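**Q** mmCIF, C-alpha atoms and all ligand atoms, file upload00.cif:
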data_input
loop_
_atom_site.label_atom_id
_atom_site.label_comp_id
_atom_site.auth_asym_id
_atom_site.auth_seq_id
_atom_site.Cartn_x
_atom_site.Cartn_y
_atom_site.Cartn_z
CA MET C 147 -84.86 -54.95 42.92
CA ARG C 148 -84.76 -52.32 40.21
CA ILE C 149 -85.10 -48.60 40.89
CA GLN C 150 -85.47 -45.90 38.28
CA VAL C 151 -85.32 -42.18 38.98
CA LEU C 152 -88.21 -40.64 37.08
CA GLY C 153 -87.66 -37.08 38.25
CA ALA C 154 -84.70 -35.70 40.19
CA ALA C 155 -85.78 -32.06 40.61
CA ALA C 156 -87.78 -30.45 43.40
CA GLY C 157 -91.24 -28.89 43.01
CA GLY C 158 -91.32 -26.75 39.87
CA GLY C 159 -88.70 -28.87 38.11
CA TYR C 160 -85.39 -27.81 36.61
CA PRO C 161 -85.80 -25.39 34.93
CA GLN C 162 -88.95 -24.13 36.58
CA TRP C 163 -91.30 -22.52 34.04
CA ASN C 164 -90.99 -18.93 35.29
CA CYS C 165 -87.41 -19.08 36.56
CA ASN C 166 -84.72 -16.97 34.93
CA HIS C 167 -82.03 -17.84 37.51
CA PRO C 168 -78.65 -18.52 35.84
CA ASN C 169 -79.02 -22.22 36.70
CA SER C 170 -82.33 -22.40 34.88
CA ARG C 171 -80.89 -20.59 31.88
CA LYS C 172 -78.09 -23.16 31.74
CA ALA C 173 -80.64 -25.99 31.67
CA ARG C 174 -82.48 -24.25 28.84
CA ASN C 175 -79.42 -23.70 26.70
CA GLY C 176 -78.04 -27.20 27.20
CA GLU C 177 -75.15 -26.31 29.54
CA ALA C 178 -76.78 -28.34 32.33
CA GLN C 179 -79.03 -31.35 32.38
CA ALA C 180 -82.71 -30.51 32.87
CA ARG C 181 -84.70 -32.60 35.32
CA THR C 182 -88.39 -33.26 35.91
CA GLN C 183 -90.11 -33.27 39.28
CA SER C 184 -89.37 -35.65 42.11
CA SER C 185 -90.36 -39.30 41.78
CA ILE C 186 -88.85 -42.79 41.54
CA ALA C 187 -90.25 -46.11 40.33
CA VAL C 188 -89.46 -49.46 41.97
CA SER C 189 -89.93 -53.04 40.81
CA ALA C 190 -89.07 -56.43 42.26
CA ASP C 191 -89.33 -58.24 38.92
CA GLY C 192 -88.71 -55.56 36.29
CA THR C 193 -92.28 -55.98 35.03
CA HIS C 194 -94.58 -54.70 37.77
CA TRP C 195 -93.74 -51.18 38.94
CA PHE C 196 -94.73 -48.94 41.82
CA LEU C 197 -94.27 -45.20 41.79
CA CYS C 198 -92.90 -43.54 44.90
CA ASN C 199 -94.76 -40.26 44.55
CA ALA C 200 -96.55 -39.10 41.42
CA SER C 201 -95.05 -35.97 39.93
CA PRO C 202 -96.90 -33.47 37.73
CA ASP C 203 -94.43 -34.58 35.03
CA LEU C 204 -95.54 -38.21 35.24
CA ARG C 205 -97.02 -38.33 31.75
CA ARG C 206 -93.70 -37.24 30.25
CA GLN C 207 -91.76 -39.54 32.58
CA ILE C 208 -93.80 -42.51 31.33
CA GLU C 209 -93.14 -41.52 27.73
CA LEU C 210 -89.38 -41.48 28.49
CA THR C 211 -89.45 -44.83 30.31
CA PRO C 212 -90.29 -47.89 28.16
CA ALA C 213 -90.61 -50.09 31.28
CA LEU C 214 -93.64 -48.01 32.33
CA GLN C 215 -95.44 -48.20 28.98
CA PRO C 216 -98.04 -50.77 27.93
CA PRO C 217 -96.04 -53.71 26.51
CA ALA C 218 -96.36 -54.92 22.93
CA GLY C 219 -99.00 -57.63 22.86
CA GLY C 220 -100.56 -56.49 26.13
CA ALA C 221 -104.25 -55.76 26.61
CA LEU C 222 -105.71 -52.74 24.84
CA ARG C 223 -105.77 -50.91 28.15
CA CYS C 224 -102.98 -51.90 30.52
CA SER C 225 -99.96 -50.53 32.35
CA PRO C 226 -96.89 -51.90 34.13
CA ILE C 227 -97.70 -49.32 36.84
CA GLN C 228 -99.40 -51.18 39.67
CA GLY C 229 -99.71 -48.39 42.16
CA ALA C 230 -98.17 -45.42 43.91
CA VAL C 231 -96.83 -44.85 47.42
CA LEU C 232 -97.01 -41.24 48.63
CA THR C 233 -94.64 -39.60 51.11
CA ASN C 234 -96.63 -36.40 51.55
CA ALA C 235 -99.24 -34.25 49.83
CA ASP C 236 -96.79 -31.88 48.07
CA VAL C 237 -97.96 -30.76 44.65
CA ASP C 238 -94.81 -32.31 43.19
CA HIS C 239 -95.74 -35.64 44.79
CA VAL C 240 -99.50 -35.97 44.25
CA ALA C 241 -100.52 -33.87 41.23
CA GLY C 242 -99.26 -36.58 38.88
CA LEU C 243 -101.98 -38.90 40.11
CA LEU C 244 -104.32 -37.01 37.80
CA ASN C 245 -102.44 -38.53 34.87
CA LEU C 246 -103.45 -41.99 36.04
CA ARG C 247 -107.00 -41.56 34.86
CA GLU C 248 -109.29 -43.42 34.67
CA SER C 249 -110.54 -46.99 34.99
CA GLN C 250 -107.14 -48.61 35.53
CA PRO C 251 -106.79 -50.91 38.55
CA LEU C 252 -104.16 -49.46 40.88
CA SER C 253 -103.27 -49.40 44.57
CA LEU C 254 -102.67 -46.05 46.17
CA TYR C 255 -100.78 -46.04 49.46
CA GLY C 256 -100.48 -43.06 51.81
CA THR C 257 -100.86 -42.09 55.43
CA GLN C 258 -104.44 -41.48 56.50
CA ARG C 259 -103.65 -37.73 56.59
CA VAL C 260 -102.58 -37.76 52.94
CA LEU C 261 -105.47 -40.01 51.88
CA ASP C 262 -107.86 -37.61 53.64
CA VAL C 263 -106.41 -34.71 51.63
CA LEU C 264 -107.04 -36.64 48.41
CA ALA C 265 -110.52 -37.64 49.54
CA ALA C 266 -111.38 -34.00 50.29
CA ASN C 267 -110.60 -33.04 46.70
CA SER C 268 -112.94 -34.82 44.32
CA ILE C 269 -110.74 -34.16 41.30
CA PHE C 270 -108.71 -37.19 42.46
CA ASN C 271 -111.77 -39.32 41.70
CA VAL C 272 -110.50 -39.32 38.11
CA LEU C 273 -108.70 -42.33 39.53
CA ASN C 274 -111.96 -44.22 39.41
CA PRO C 275 -112.70 -45.40 42.98
CA GLN C 276 -114.18 -48.62 41.55
CA PHE C 277 -110.73 -49.55 40.29
CA VAL C 278 -108.27 -47.76 42.55
CA ARG C 279 -107.83 -49.03 46.09
CA ARG C 280 -106.68 -46.42 48.62
CA VAL C 281 -104.71 -48.15 51.34
CA PRO C 282 -103.73 -46.35 54.55
CA MET C 283 -100.18 -46.91 55.75
CA GLN C 284 -99.37 -47.02 59.47
CA LEU C 285 -96.07 -45.45 60.48
CA GLU C 286 -93.44 -48.04 61.36
CA SER C 287 -95.63 -50.94 60.16
CA PRO C 288 -94.16 -52.97 57.29
CA LEU C 289 -96.70 -53.20 54.49
CA ALA C 290 -96.54 -55.70 51.62
CA LEU C 291 -97.37 -53.97 48.35
CA GLN C 292 -99.97 -55.78 46.30
CA LEU C 293 -100.78 -55.97 42.65
CA PRO C 294 -104.30 -54.75 41.97
CA ASP C 295 -105.50 -58.39 41.86
CA GLY C 296 -104.33 -58.82 45.45
CA SER C 297 -101.26 -60.92 44.72
CA PRO C 298 -97.96 -59.95 46.38
CA ALA C 299 -95.66 -57.62 44.44
CA GLY C 300 -92.52 -58.87 46.17
CA LEU C 301 -91.95 -55.48 47.78
CA GLU C 302 -92.52 -54.26 51.30
CA VAL C 303 -92.47 -50.66 52.49
CA VAL C 304 -91.89 -49.36 55.99
CA PRO C 305 -93.16 -45.78 56.28
CA PHE C 306 -91.63 -43.62 59.00
CA ALA C 307 -91.98 -40.00 60.03
CA VAL C 308 -89.13 -37.58 59.37
CA PRO C 309 -88.79 -33.92 60.39
CA GLY C 310 -90.70 -31.71 57.97
CA LYS C 311 -93.88 -29.76 57.57
CA VAL C 312 -97.33 -29.93 56.06
CA ALA C 313 -97.51 -29.43 52.26
CA LEU C 314 -97.16 -25.80 51.16
CA TRP C 315 -100.68 -25.60 49.75
CA LEU C 316 -102.13 -26.95 53.01
CA GLU C 317 -100.30 -24.53 55.31
CA ASP C 318 -102.65 -22.85 57.80
CA PRO C 319 -101.12 -19.78 59.50
CA ALA C 320 -104.10 -19.74 61.89
CA ARG C 321 -102.79 -22.96 63.41
CA GLY C 322 -99.64 -21.39 64.80
CA LYS C 323 -95.96 -21.37 64.08
CA ASN C 324 -95.87 -24.87 62.63
CA LEU C 325 -98.67 -23.97 60.18
CA GLY C 326 -100.80 -26.93 61.20
CA THR C 327 -98.11 -29.54 60.69
CA GLU C 328 -98.86 -32.87 62.37
CA ALA C 329 -96.62 -35.85 63.04
CA GLY C 330 -96.30 -37.89 59.89
CA ASP C 331 -97.04 -35.07 57.45
CA THR C 332 -93.65 -35.84 55.93
CA ILE C 333 -92.63 -39.45 55.81
CA ALA C 334 -89.84 -41.47 54.30
CA LEU C 335 -89.90 -45.07 53.09
CA GLU C 336 -87.72 -48.06 53.59
CA VAL C 337 -88.36 -50.30 50.58
CA ARG C 338 -87.48 -53.98 50.91
CA ALA C 339 -87.48 -56.85 48.45
CA ALA C 340 -87.86 -60.53 49.22
CA GLY C 341 -84.14 -61.27 48.91
CA GLY C 342 -83.37 -58.83 51.72
CA GLU C 343 -82.11 -56.00 49.51
CA HIS C 344 -83.43 -52.65 50.67
CA PHE C 345 -83.04 -48.90 50.42
CA TYR C 346 -84.35 -45.67 51.92
CA TYR C 347 -86.24 -42.97 50.04
CA VAL C 348 -86.21 -39.61 51.89
CA PRO C 349 -87.15 -36.90 49.36
CA GLY C 350 -88.08 -34.31 52.00
CA CYS C 351 -86.45 -33.89 55.39
CA ALA C 352 -85.89 -30.84 57.60
CA GLU C 353 -83.03 -32.12 59.75
CA LEU C 354 -81.20 -35.29 60.70
CA PRO C 355 -81.78 -36.05 64.38
CA ALA C 356 -79.73 -38.86 65.96
CA THR C 357 -82.58 -41.38 65.74
CA LEU C 358 -82.88 -40.89 61.99
CA ALA C 359 -79.11 -40.94 61.52
CA GLU C 360 -78.93 -44.26 63.39
CA ARG C 361 -81.71 -45.68 61.28
CA LEU C 362 -79.81 -44.87 58.08
CA ARG C 363 -76.40 -45.94 59.40
CA GLY C 364 -74.82 -48.64 57.26
CA ALA C 365 -77.64 -48.60 54.69
CA PRO C 366 -76.81 -49.92 51.22
CA LEU C 367 -78.58 -47.00 49.51
CA VAL C 368 -80.27 -43.77 50.56
CA PHE C 369 -82.03 -41.27 48.32
CA PHE C 370 -82.04 -38.02 50.27
CA ASP C 371 -83.48 -34.49 50.13
CA GLY C 372 -81.12 -32.42 47.94
CA THR C 373 -83.34 -29.33 47.71
CA LEU C 374 -80.87 -26.62 48.65
CA TRP C 375 -77.14 -26.11 48.94
CA GLN C 376 -77.51 -23.31 51.46
CA ASP C 377 -80.41 -22.42 53.75
CA ASP C 378 -80.81 -18.83 52.46
CA GLU C 379 -79.94 -19.61 48.84
CA MET C 380 -83.28 -18.53 47.39
CA ILE C 381 -83.14 -15.22 49.27
CA ARG C 382 -79.49 -14.58 48.31
CA ASP C 383 -80.21 -15.34 44.69
CA GLY C 384 -83.23 -13.05 44.72
CA VAL C 385 -85.73 -15.67 43.59
CA GLY C 386 -87.67 -16.20 46.80
CA VAL C 387 -88.26 -15.07 50.35
CA LYS C 388 -88.12 -18.39 52.17
CA THR C 389 -85.28 -20.25 53.81
CA GLY C 390 -84.89 -24.01 53.54
CA ALA C 391 -85.80 -24.29 57.21
CA ARG C 392 -89.07 -22.48 56.53
CA MET C 393 -89.79 -24.88 53.65
CA GLY C 394 -89.00 -27.99 55.69
CA HIS C 395 -85.76 -28.82 53.89
CA ILE C 396 -82.31 -29.38 55.36
CA SER C 397 -79.45 -27.86 53.33
CA LEU C 398 -76.43 -29.70 52.02
CA SER C 399 -73.72 -27.36 53.28
CA GLY C 400 -72.94 -25.89 56.68
CA PRO C 401 -72.36 -27.25 60.17
CA ASN C 402 -75.81 -28.86 60.47
CA GLY C 403 -76.05 -29.70 56.80
CA THR C 404 -76.55 -33.02 55.10
CA LEU C 405 -72.89 -33.56 54.15
CA GLN C 406 -71.79 -33.20 57.77
CA ALA C 407 -74.71 -35.19 59.12
CA PHE C 408 -73.98 -38.19 56.89
CA ALA C 409 -70.22 -38.16 57.42
CA GLY C 410 -69.35 -41.38 59.23
CA LEU C 411 -72.78 -42.98 58.74
CA ASP C 412 -71.24 -45.52 56.42
CA VAL C 413 -74.04 -45.43 53.85
CA ALA C 414 -72.81 -47.33 50.78
CA ARG C 415 -74.61 -45.24 48.16
CA LYS C 416 -75.89 -41.73 48.89
CA ILE C 417 -77.97 -40.09 46.18
CA LEU C 418 -79.46 -36.60 46.16
CA ILE C 419 -83.00 -36.20 44.84
CA HIS C 420 -85.66 -33.43 44.95
CA ILE C 421 -83.07 -30.83 43.89
CA ASN C 422 -84.17 -27.22 43.60
CA THR C 423 -83.51 -25.15 40.49
CA THR C 424 -81.24 -22.82 42.50
CA ASN C 425 -78.94 -25.58 43.80
CA PRO C 426 -75.41 -25.26 42.34
CA VAL C 427 -74.87 -29.03 42.59
CA LEU C 428 -77.01 -29.24 39.45
CA LEU C 429 -74.09 -27.75 37.52
CA GLU C 430 -71.63 -30.50 36.65
CA HIS C 431 -68.55 -28.32 36.89
CA SER C 432 -69.41 -26.28 39.97
CA PRO C 433 -67.25 -26.35 43.12
CA GLU C 434 -70.36 -27.41 45.05
CA ARG C 435 -70.82 -30.43 42.77
CA ARG C 436 -67.19 -31.37 43.36
CA GLU C 437 -67.68 -31.01 47.10
CA VAL C 438 -70.71 -33.32 47.25
CA GLU C 439 -68.99 -35.88 45.04
CA GLN C 440 -65.88 -35.78 47.21
CA ALA C 441 -68.15 -36.45 50.18
CA GLY C 442 -69.38 -39.57 48.38
CA TRP C 443 -72.71 -38.28 47.07
CA GLU C 444 -74.23 -38.81 43.65
CA VAL C 445 -76.57 -36.25 42.10
CA SER C 446 -79.50 -38.10 40.59
CA TYR C 447 -80.86 -37.43 37.13
CA ASP C 448 -83.94 -38.51 35.22
CA GLY C 449 -83.47 -42.01 33.86
CA MET C 450 -80.88 -43.09 36.46
CA VAL C 451 -81.29 -46.85 37.02
CA ILE C 452 -80.09 -48.78 40.05
CA GLU C 453 -80.12 -52.53 40.47
CA LEU C 454 -79.98 -53.78 44.06
CA THR C 455 -79.06 -57.42 44.49
CA PRO C 456 -79.56 -59.58 47.60
C1 LIG B 1 -91.54 -28.62 48.92
O1 LIG B 1 -90.92 -29.65 48.70
O2 LIG B 1 -91.18 -27.84 49.80
C2 LIG B 1 -92.75 -28.32 48.10
O3 LIG B 1 -92.81 -29.15 46.99
C3 LIG B 1 -92.81 -26.88 47.75
C4 LIG B 1 -93.78 -26.55 46.67
O4 LIG B 1 -94.91 -27.05 46.64
O5 LIG B 1 -93.39 -25.74 45.80
MN MN B 2 -91.48 -30.93 47.11
#
Mind converting the file's structure to structure tokens?
Ligand code: MLT
Ligand code: MN
**A**
Amino acid sequence: MRIQVLGAAAGGGYPQWNCNHPNSRKARNGEAQARTQSSIAVSADGTHWFLCNASPDLRRQIELTPALQPPAGGALRCSPIQGAVLTNADVDHVAGLLNLRESQPLSLYGTQRVLDVLAANSIFNVLNPQFVRRVPMQLESPLALQLPDGSPAGLEVVPFAVPGKVALWLEDPARGKNLGTEAGDTIALEVRAAGGEHFYYVPGCAELPATLAERLRGAPLVFFDGTLWQDDEMIRDGVGVKTGARMGHISLSGPNGTLQAFAGLDVARKILIHINTTNPVLLEHSPERREVEQAGWEVSYDGMVIELTP
């Protein structure tokens, strides 16, 4: 199974368009590596690809990724992209669908909640409903991904709920403290290939309860929410008013942070993704980068390729 990171940054990207934080300045002047918004692509055969989330930067990501471009000698209209699997309705995870216009056969997988959000907004009909199948995923039910012609893609996903909250743009303060969040508003995926190789994709997660930790224990590969280094980082740095907890994101550092929570879980490869523009791990020479690397983490970047073998 082949995995390619299309975008390693959180919503807004790195640098975010209106951000003048020192980190963003470093990305603009070449002192740090810029990153587009959160998405990976997965393929069992290196030819047919599925997106896990569709970032607003998808058009650029395709242009930077030959494997996702129409092949020489292919039909006049064609794409290696066979479909997309959505983990929530975040702008950074669904807005890119609009790039996948128009009459291209695709399969779109999401929970019924997320599919309902798309159905309620007719702009998503630019993915012509005559060609694009929308397939509801049931939590904890393995689902074989299919090519648009119905044949098996050689990949199976198991969607499961993780702690989080409803997408920012769907928050409803009238629905109480949790802003209308329902179970399954944030999910993660286990992706499996026929040979038994598998990995976990967890781009958003608010905490790591014991059940989730046990699920990930011993995994060969986990992509995990790397949004913030510190819960109040955006407030401290003067670029925002929200904590990570308020945004539904666990932080890397601290007693309940990701580094502590994964210590001893024996995950072979641990990779941070969905990294916010304020996170000092984006800077290659920062003490925070050293600390995550010493704890066995990799910081993903656009174009990172991983081959998983059975
Ligand atoms: C998130 O991951 O919390 C969202 O992408 C936030 C946003 O939409 O800016
Ligand atoms: Mn996000």
**Q** Using all atoms listed in the file, pick whichever of C:Ala230, C:Gln258, C:Ala290, C:Leu354 has the shortest atom-to-atom distance to C:Glu328.
**A**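 Answer, going by the shortest atom-to-atom distance: C:Gln258.
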**Q** Excluding same-chain residues fewer than 3 positions from stretch 428-438 of chain C, what lies within 8 Å of it counting only C-alpha atoms, as a list in words?
**A**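 The contact residues come out as Asn169, Ala178, Gln179, Trp375, Leu405, Ile421, Thr423, Asn425, Ala441, Gly442, Trp443, Glu444 and Val445 of chain C.
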**Q** Have a look at atom CA of C:Ala200 and atom CA of C:Ser170 and let me know their distance in Å, one decimal.
**A**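 Straight-line distance from atom CA of C:Ala200 to atom CA of C:Ser170 works out to 22.9 Å.
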**Q** Considering only C-alpha atoms, state which residue in the set C:Arg223, C:Val312, C:His420, C:Ser287 is at the smallest distance from C:Asp448.
**A** C:His420
**Q** Could you produce a table of the residues of chain C lying within 10 Å of ligand LIG 1 (chain B), with the nearest pair of atoms per residue and their separation in Å rounded to one decimal, using only C-alpha atoms and all ligand atoms, ordered by chain and increasing residue number, as CSV?
**A**
residue,atom,partner,partner_atom,distance
C:Ala155,CA,B:LIG1,O1,9.9
C:Ala156,CA,B:LIG1,O1,6.2
C:Gly157,CA,B:LIG1,O3,4.3
C:Gly158,CA,B:LIG1,O5,6.4
C:Gly159,CA,B:LIG1,O5,9.5
C:Gln183,CA,B:LIG1,O3,9.1
C:Ser184,CA,B:LIG1,O3,8.8
C:Asn234,CA,B:LIG1,O1,9.3
C:Ala235,CA,B:LIG1,O3,8.7
C:Asp236,CA,B:LIG1,O3,4.9
C:Val237,CA,B:LIG1,O4,5.2
C:Asp238,CA,B:LIG1,O3,5.3
C:His239,CA,B:LIG1,O3,7.5
C:Val240,CA,B:LIG1,O3,9.9
C:Gly310,CA,B:LIG1,O2,9.1
C:Lys311,CA,B:LIG1,O2,8.4
C:Val312,CA,B:LIG1,O2,9.0
C:Ala313,CA,B:LIG1,C2,6.4
C:Leu314,CA,B:LIG1,O4,5.2
C:Trp315,CA,B:LIG1,O4,6.7
C:Leu316,CA,B:LIG1,O4,9.6
C:Thr332,CA,B:LIG1,O1,9.9
C:Pro349,CA,B:LIG1,O1,8.2
C:Gly350,CA,B:LIG1,O1,6.4
C:Cys351,CA,B:LIG1,O1,9.1
C:Ala352,CA,B:LIG1,O2,9.9
C:Asp371,CA,B:LIG1,O1,9.0
C:Thr373,CA,B:LIG1,O1,7.7
C:Gly390,CA,B:LIG1,O2,8.3
C:Ala391,CA,B:LIG1,O2,9.8
C:Arg392,CA,B:LIG1,O2,8.9
C:Met393,CA,B:LIG1,O2,5.1
C:Gly394,CA,B:LIG1,O2,6.3
C:His395,CA,B:LIG1,O2,6.9
C:His420,CA,B:LIG1,O1,7.5
C:Ile421,CA,B:LIG1,O1,9.3
C:Asn422,CA,B:LIG1,O1,8.8
**Q** In Å, rounded to a single decimal, give me how far atom CA of C:Leu214 is from atom CA of C:Thr193.
**A**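 Pair atom CA of C:Thr193 / atom CA of C:Leu214 returns 8.5 Å.
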**Q** Using all atoms listed in the file for the distances, tell me which of C:Pro202, C:Arg279, C:Asn164, C:Ala356 is nearest to ligand MN 2 (chain B).
**A** C:Pro202
**Q** Which one is closest to ligand MN 2 (chain B): C:Ser225, C:Gln250, C:Asn166, C:Thr233? Count all atoms listed in the file.
**A**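 That would be C:Thr233, the residue with the smallest distance to ligand MN 2 (chain B).
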**Q** List the neighbours of C:Asp203 out to 8 Å using all atoms listed in the file; skip same-chain residues closer than 5 positions along the sequence, and give me the result as a ChimeraX atom specification.
**A** /C:153,182-183,242
**Q** Restricting the calculation to all atoms listed in the file: of C:Ala414, C:Ala180, C:Ala154, C:Ala213, which residue gets closest to ligand MN 2 (chain B)?
**A** C:Ala154
**Q** Which is closest to C:Pro168 among C:Val385, C:Ala190, C:Val272, C:Val337, if we use only C-alpha atoms?
**A** C:Val385
**Q** Please report, as lines of an AutoDock Vina configuration file, the centre and edge lengths in Å to one decimal of an axis-aligned box covering all listed atoms of stretch 427-445 of chain C with 4 Å per side.
**A**
center_x = -71.4
center_y = -32.9
center_z = 43.4
size_x = 19.1
size_y = 21.3
size_z = 21.5
**Q** Take the point (-74.3, -45.3, 53.6) as written in the file and pick out every residue within 8 Å of it, counting only C-alpha atoms; give the list as a list in words.
**A**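 Looking at atoms near the point gives Leu362, Arg363, Gly364, Ala365, Pro366, Leu367, Val368, Phe408, Leu411, Asp412, Val413, Ala414, Arg415 and Lys416 of chain C.
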**Q** Write out as a ChimeraX atom specification each polymer residue whose atoms come within 8 Å of C:Glu453, counting only C-alpha atoms; drop sequence neighbours fewer than 2 positions from it.
**A** /C:147-149,451,455
**Q** In Å, with one decimal, what is the gap from atom CA of C:Ala340 to atom CA of C:Leu152?
**A**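 Separation between atom CA of C:Ala340 and atom CA of C:Leu152: 23.3 Å.
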